[in-house]
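One structure is given below, encoded as structure tokens.
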Amino acid sequence: MQRYGYSNGQPATAYSAANNGFPFSIKPDNRFQPKGRGFIRRYQQHLKLGGAITAVLTVLFFLFPSLRSFSLLSSNEDFQLETVRYHDLNNVQGTARGWEREERILLCAPLRDAAPHLPMFFSHLRNLTYPHHLIDLAFLVGDSKDNTISLLTELLNDLQKTERPFGEISIMEKDFGQKVNQDVESRHGFAAQASRRKSMAQARNWLLSAALRPTHSWVYWRDVDVETAPFTILEDLMRHNKDVIVPNVWRPLPDWLGGEQPYDLNSWQESETALALADTLDEDAVIVEGYAEYATWRPHLAYLRDPYGDPDMEMEIDGVGGVSILAKAKVFRSGVHFPAFSFEKHAETEGFGKVYHASRLVRDTI
Ligand SMILES: *[C@@H]1O[C@H](CO)[C@@H](O)[C@H](O)[C@H]1NC(C)=O
């Protein structure tokens with residue numbers, strides 16, 4: 001009868017006597033024999049070396065007590081490895097008056113052929129009243145054919161030479177194969193919307209996942225082509241202390257055209273009509289607002305505005321426009337993102353609103 005030493009069917013005789021029964025050396029010539037004498041000797045030398053260093057350090061401690069806090073040999077509480085960072089994520093929840101608690105904001109700006117808008121955008125940045133050192137900037141440049149990157153680099157250099165430099169700055173480059181032209185007509189043409197919104201969503205997710213640090217309490221998404229905005233926009237939005245908040249966005253027009261026009265139709269409340277419409281569409285369809293093809297009859301944030309009313313009036317929304325979004329970082333950390341696919345027949349920032357509501361439903365039922 002053959003004896004099997006191991007349940008996997010390896011005959012025990014495969015292990016030669018020279019192995020001393022060491023089970024993981026399959027080859028009889030024993031090339032992988034562990035821990036020869038040389039190894040042990042070297043190990044002992046290391047030990048001696050370690051001992052010597054300890055002795056020297058100990059002597060220094062007696063001479064220079066202040067050195068103790070830098071040492072690996074100090075008491076357990078102080079024990080810190082240089083390559084390990086500790087973060088307390090309980091402290092980055094985001095509050096109404098973040099500037100008083102030194103809450104950091106990650107400002108994200110996706111860019112594509114954006115050179116014409118960059119000087120204005122940087123003027124906005126300089127005018128922000130939120131403490132600049134608490135704002136980290138992250139740009140994703142994708143599918144650009146103009147000089148966005150070089151101009152961006154130049155403007156950032158100037159920006160950081162000012163009296164109030166910003167925090168950490170990241171520029172990422174990544175193409176998503178977006179072919180739609182960036183001019184207003186093609187960008188807003190109906191046929192292009194679904195694929196455009198899906199690749200925009202990808203850009204946002206790539207940007208955020210690369211730039212979000214454990215130190216961020218807030219994430220602010222800002223389009224670079226915004227013309228006018230209050231310098232206090234970050235504090236104004238933050239004061240509302242919402243998980244996600246967007247301002248009302250209007251488009252300036254010449255006086256003879258009435259001065260301004262509601263622009264961002266992506267911030268809306270859901271309607272029965274739109275839900276019924278969603279049910280009739282293909283699985284990968286994406287409903288976009290402002291097109292005759294998709295008549296949704298949703299209440300829009302943009303049409304709510306009363307120029308003489310209370311600027312702090314709030315409206316609950318289901319879809320979110322992407323021009324200027326302030327969100328607590330914990331929203332993204334908990335898994336809410338910009339769907340780059342059809343989620344409940346929406347994608348990108350409007351889908352973000354939908355995912356957020358879905359996540360709340362889950363939370364509320366727990
Ligand atoms: C920033 O502030 C300066 C000085 O008040 C002003 O001239 C400029 O137009 C502002 N920039 C923007 C983009 O609003």
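Just so we're on the same page: first chain in the structure tokens is A, next is B, and so on; residues restart at 1 for each chain, and ligands are numbered from 1 in the order they show up.
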Nearby residues, ligand 1, 9 Å, only C-alpha atoms and all ligand atoms, as a CSV table (one decimal) with N, CA and C atoms, in the first residue's frame:
chain,number,residue,atom,x,y,z
A,119,PRO,N,-8.2,82.5,-18.1
A,119,PRO,CA,-7.9,83.8,-17.4
A,119,PRO,C,-9.0,84.2,-16.5
A,120,MET,N,-10.2,84.1,-17.0
A,120,MET,CA,-11.4,84.6,-16.2
A,120,MET,C,-11.5,83.6,-15.0
A,121,PHE,N,-11.4,82.3,-15.2
A,121,PHE,CA,-11.5,81.4,-14.1
A,121,PHE,C,-10.5,81.7,-13.0
A,122,PHE,N,-9.3,82.0,-13.4
A,122,PHE,CA,-8.2,82.3,-12.4
A,122,PHE,C,-8.5,83.7,-11.7
A,123,SER,N,-9.2,84.6,-12.4
A,123,SER,CA,-9.6,85.8,-11.7
A,123,SER,C,-10.6,85.5,-10.6
A,124,HIS,N,-11.5,84.5,-11.0
A,124,HIS,CA,-12.5,84.1,-9.9
A,124,HIS,C,-11.8,83.4,-8.8
A,125,LEU,N,-10.8,82.6,-9.1
A,125,LEU,CA,-10.1,81.9,-8.0
A,125,LEU,C,-9.5,82.9,-7.0
A,126,ARG,N,-8.8,83.9,-7.6
A,126,ARG,CA,-8.1,84.9,-6.8
A,126,ARG,C,-9.1,85.7,-5.9
A,127,ASN,N,-10.3,85.8,-6.4
A,127,ASN,CA,-11.3,86.6,-5.7
A,127,ASN,C,-12.0,85.8,-4.6
A,128,LEU,N,-11.8,84.5,-4.6
A,128,LEU,CA,-12.5,83.7,-3.6
A,128,LEU,C,-12.1,84.2,-2.2
A,226,VAL,N,-17.9,80.0,-16.1
A,226,VAL,CA,-18.8,80.9,-15.4
A,226,VAL,C,-18.2,82.3,-15.4
A,227,GLU,N,-19.1,83.3,-15.7
A,227,GLU,CA,-18.7,84.6,-15.9
A,227,GLU,C,-18.7,85.4,-14.6
A,228,THR,N,-19.8,85.4,-13.9
A,228,THR,CA,-19.9,86.2,-12.7
A,228,THR,C,-20.4,85.2,-11.6
A,229,ALA,N,-19.7,85.4,-10.4
A,229,ALA,CA,-20.1,84.6,-9.2
A,229,ALA,C,-19.7,85.4,-8.0
A,230,PRO,N,-20.5,85.3,-6.9
A,230,PRO,CA,-20.1,86.0,-5.7
A,230,PRO,C,-18.7,85.5,-5.2
A,231,PHE,N,-17.9,86.4,-4.7
A,231,PHE,CA,-16.6,86.0,-4.2
A,231,PHE,C,-16.8,85.1,-3.0
Any chance you could list, as a ChimeraX atom specification, the residues in stretch 65-272 of chain A that come up alpha helix (DSSP H) when DSSP is run on the backbone?
/A:118-127,148-159,184-188,193-211,233-238,272
Residues near stretch 286-302 of chain A, anyone? I mean within 8 Å using only C-alpha atoms, not counting same-chain ones fewer than 2 positions away, as a PyMOL selection string.
chain A and resi 190+193-194+248-250+262-271+273-274+277-278+284+304-305+315+317+342+345-347
Restricted to N, CA and C atoms, what would the selected residues look like written as a CSV table (one decimal), in the first residue's frame?
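This went into out-v7.csv:
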chain,number,residue,atom,x,y,z
A,190,PHE,N,-28.9,67.8,-29.3
A,190,PHE,CA,-29.6,66.7,-28.6
A,190,PHE,C,-28.9,65.3,-28.8
A,193,GLN,N,-26.0,64.3,-26.6
A,193,GLN,CA,-26.0,64.4,-25.2
A,193,GLN,C,-25.7,63.2,-24.4
A,194,ALA,N,-26.3,62.0,-24.7
A,194,ALA,CA,-26.1,60.8,-23.9
A,194,ALA,C,-24.6,60.5,-23.8
A,248,ASN,N,-28.3,78.8,-8.0
A,248,ASN,CA,-29.1,79.0,-9.2
A,248,ASN,C,-28.1,79.6,-10.2
A,249,VAL,N,-28.1,79.1,-11.4
A,249,VAL,CA,-27.2,79.6,-12.5
A,249,VAL,C,-28.0,80.2,-13.6
A,250,TRP,N,-27.7,81.5,-13.9
A,250,TRP,CA,-28.3,82.2,-15.0
A,250,TRP,C,-27.2,82.6,-16.0
A,262,PRO,N,-32.4,82.0,-17.5
A,262,PRO,CA,-32.1,80.8,-16.7
A,262,PRO,C,-31.2,79.9,-17.6
A,263,TYR,N,-30.1,79.4,-17.0
A,263,TYR,CA,-29.2,78.6,-17.8
A,263,TYR,C,-29.1,77.1,-17.4
A,264,ASP,N,-28.9,76.9,-16.2
A,264,ASP,CA,-28.7,75.5,-15.8
A,264,ASP,C,-30.0,74.8,-15.5
A,265,LEU,N,-30.5,74.0,-16.5
A,265,LEU,CA,-31.7,73.3,-16.4
A,265,LEU,C,-31.6,71.9,-15.8
A,266,ASN,N,-30.3,71.6,-15.4
A,266,ASN,CA,-30.1,70.3,-14.9
A,266,ASN,C,-30.4,70.1,-13.4
A,267,SER,N,-30.8,71.3,-12.7
A,267,SER,CA,-31.2,71.2,-11.3
A,267,SER,C,-32.7,71.2,-11.3
A,268,TRP,N,-33.3,70.1,-10.9
A,268,TRP,CA,-34.8,70.0,-11.0
A,268,TRP,C,-35.3,69.1,-10.0
A,269,GLN,N,-36.6,69.2,-9.8
A,269,GLN,CA,-37.4,68.2,-9.0
A,269,GLN,C,-38.0,67.2,-10.0
A,270,GLU,N,-38.0,66.0,-9.5
A,270,GLU,CA,-38.6,64.9,-10.4
A,270,GLU,C,-40.1,65.2,-10.6
A,271,SER,N,-40.6,64.8,-11.8
A,271,SER,CA,-42.1,64.9,-12.0
A,271,SER,C,-42.6,63.6,-12.5
A,273,THR,N,-44.5,63.0,-15.0
A,273,THR,CA,-44.3,62.9,-16.4
A,273,THR,C,-43.0,62.3,-16.8
A,274,ALA,N,-41.9,62.8,-16.1
A,274,ALA,CA,-40.6,62.3,-16.4
A,274,ALA,C,-40.4,60.9,-16.0
A,277,LEU,N,-42.1,58.9,-18.6
A,277,LEU,CA,-41.2,58.9,-19.8
A,277,LEU,C,-40.1,57.9,-19.6
A,278,ALA,N,-39.4,57.9,-18.4
A,278,ALA,CA,-38.3,57.1,-18.2
A,278,ALA,C,-38.7,55.6,-18.4
A,284,ASP,N,-30.4,51.9,-21.8
A,284,ASP,CA,-29.2,52.7,-21.7
A,284,ASP,C,-29.5,54.2,-22.1
A,304,LEU,N,-37.2,79.3,-10.6
A,304,LEU,CA,-37.7,79.6,-9.2
A,304,LEU,C,-37.3,81.0,-8.8
A,305,ARG,N,-36.2,81.5,-9.5
A,305,ARG,CA,-35.5,82.7,-9.0
A,305,ARG,C,-36.4,83.9,-9.0
A,315,MET,N,-34.5,74.9,-2.3
A,315,MET,CA,-35.5,74.1,-3.0
A,315,MET,C,-34.9,72.7,-3.0
A,317,ILE,N,-33.9,69.3,-4.6
A,317,ILE,CA,-33.8,68.9,-6.0
A,317,ILE,C,-33.5,67.4,-6.1
A,342,SER,N,-26.3,54.7,-17.8
A,342,SER,CA,-27.7,55.1,-17.5
A,342,SER,C,-28.1,54.6,-16.1
A,345,LYS,N,-32.2,56.1,-15.9
A,345,LYS,CA,-32.3,56.9,-17.1
A,345,LYS,C,-31.6,58.2,-17.0
A,346,HIS,N,-30.6,58.3,-16.2
A,346,HIS,CA,-29.8,59.6,-16.1
A,346,HIS,C,-28.4,59.3,-16.0
A,347,ALA,N,-27.5,60.3,-16.3
A,347,ALA,CA,-26.1,60.1,-16.2
A,347,ALA,C,-25.5,61.3,-15.6
At what distance in Å, to one decimal, does atom CA of A:Arg239 lie from atom CA of A:Leu156?
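Those two atoms sit 28.4 Å apart.
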Distance in Å - atom CA of A:Glu102 versus atom CA of A:Arg85:
19.2 Å
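Of the listed residues (A:Gly335, A:Gly177, A:Pro131, A:Gly351), A:Gly177 comes nearest to A:Arg196; the distances count only C-alpha atoms.
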A:Glu350, A:His133, A:Thr83, A:Val224: which is nearest A:Thr148, counting only C-alpha atoms?
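Closest candidate: A:Val224.
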Separation of atom CA of A:Arg112 and atom CA of A:Thr349, in Å?
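Atom-to-atom, atom CA of A:Arg112 and atom CA of A:Thr349 are spaced 17.2 Å apart.
Omitting A:Lys330 and its sequence neighbours fewer than 2 positions away, and counting only C-alpha atoms, the residues within 8 Å are Val92, Gln93, Ser217, Trp218, Lys328, Phe332, Arg333 and Ser334 of chain A.
Selecting strand (DSSP E or B) from the backbone DSSP output for stretch 152-330 of chain A yields Ile169, Ser170, Ile171, Met172, Glu173, His216, Ser217, Trp218, Val219, Tyr220, Trp221, Arg222, Val244, Ile245, Trp250, Arg251, Pro252, Glu260, Gln261, Pro262, Trp268, His300, Gly319, Ser324, Ile325, Leu326, Ala327 and Lys328 of chain A.
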Save the residues we just selected, C-alpha atoms, as an mmCIF file, in the first residue's frame?
data_model
loop_
_atom_site.group_PDB
_atom_site.id
_atom_site.type_symbol
_atom_site.label_atom_id
_atom_site.label_comp_id
_atom_site.auth_asym_id
_atom_site.auth_seq_id
_atom_site.Cartn_x
_atom_site.Cartn_y
_atom_site.Cartn_z
ATOM 1 C CA ILE A 169 -2.400 71.553 -6.918
ATOM 2 C CA SER A 170 -2.832 68.582 -9.258
ATOM 3 C CA ILE A 171 -3.099 68.519 -13.022
ATOM 4 C CA MET A 172 -4.193 65.217 -14.529
ATOM 5 C CA GLU A 173 -4.316 64.322 -18.179
ATOM 6 C CA HIS A 216 -10.747 66.998 2.477
ATOM 7 C CA SER A 217 -14.069 67.832 4.104
ATOM 8 C CA TRP A 218 -15.652 69.300 0.973
ATOM 9 C CA VAL A 219 -15.536 68.897 -2.781
ATOM 10 C CA TYR A 220 -16.427 71.841 -5.013
ATOM 11 C CA TRP A 221 -17.092 71.276 -8.704
ATOM 12 C CA ARG A 222 -16.839 74.365 -10.837
ATOM 13 C CA VAL A 244 -24.983 68.494 -1.785
ATOM 14 C CA ILE A 245 -25.947 72.018 -2.830
ATOM 15 C CA TRP A 250 -28.258 82.211 -14.955
ATOM 16 C CA ARG A 251 -26.731 83.226 -18.210
ATOM 17 C CA PRO A 252 -25.891 86.889 -18.744
ATOM 18 C CA GLU A 260 -30.175 87.350 -18.231
ATOM 19 C CA GLN A 261 -31.701 83.950 -18.833
ATOM 20 C CA PRO A 262 -32.086 80.791 -16.729
ATOM 21 C CA TRP A 268 -34.756 70.018 -11.020
ATOM 22 C CA HIS A 300 -36.486 73.793 -12.374
ATOM 23 C CA GLY A 319 -31.303 66.255 -10.502
ATOM 24 C CA SER A 324 -21.102 74.769 -9.396
ATOM 25 C CA ILE A 325 -21.674 71.924 -6.938
ATOM 26 C CA LEU A 326 -20.570 71.999 -3.320
ATOM 27 C CA ALA A 327 -20.751 68.562 -1.710
ATOM 28 C CA LYS A 328 -19.453 67.102 1.509
#
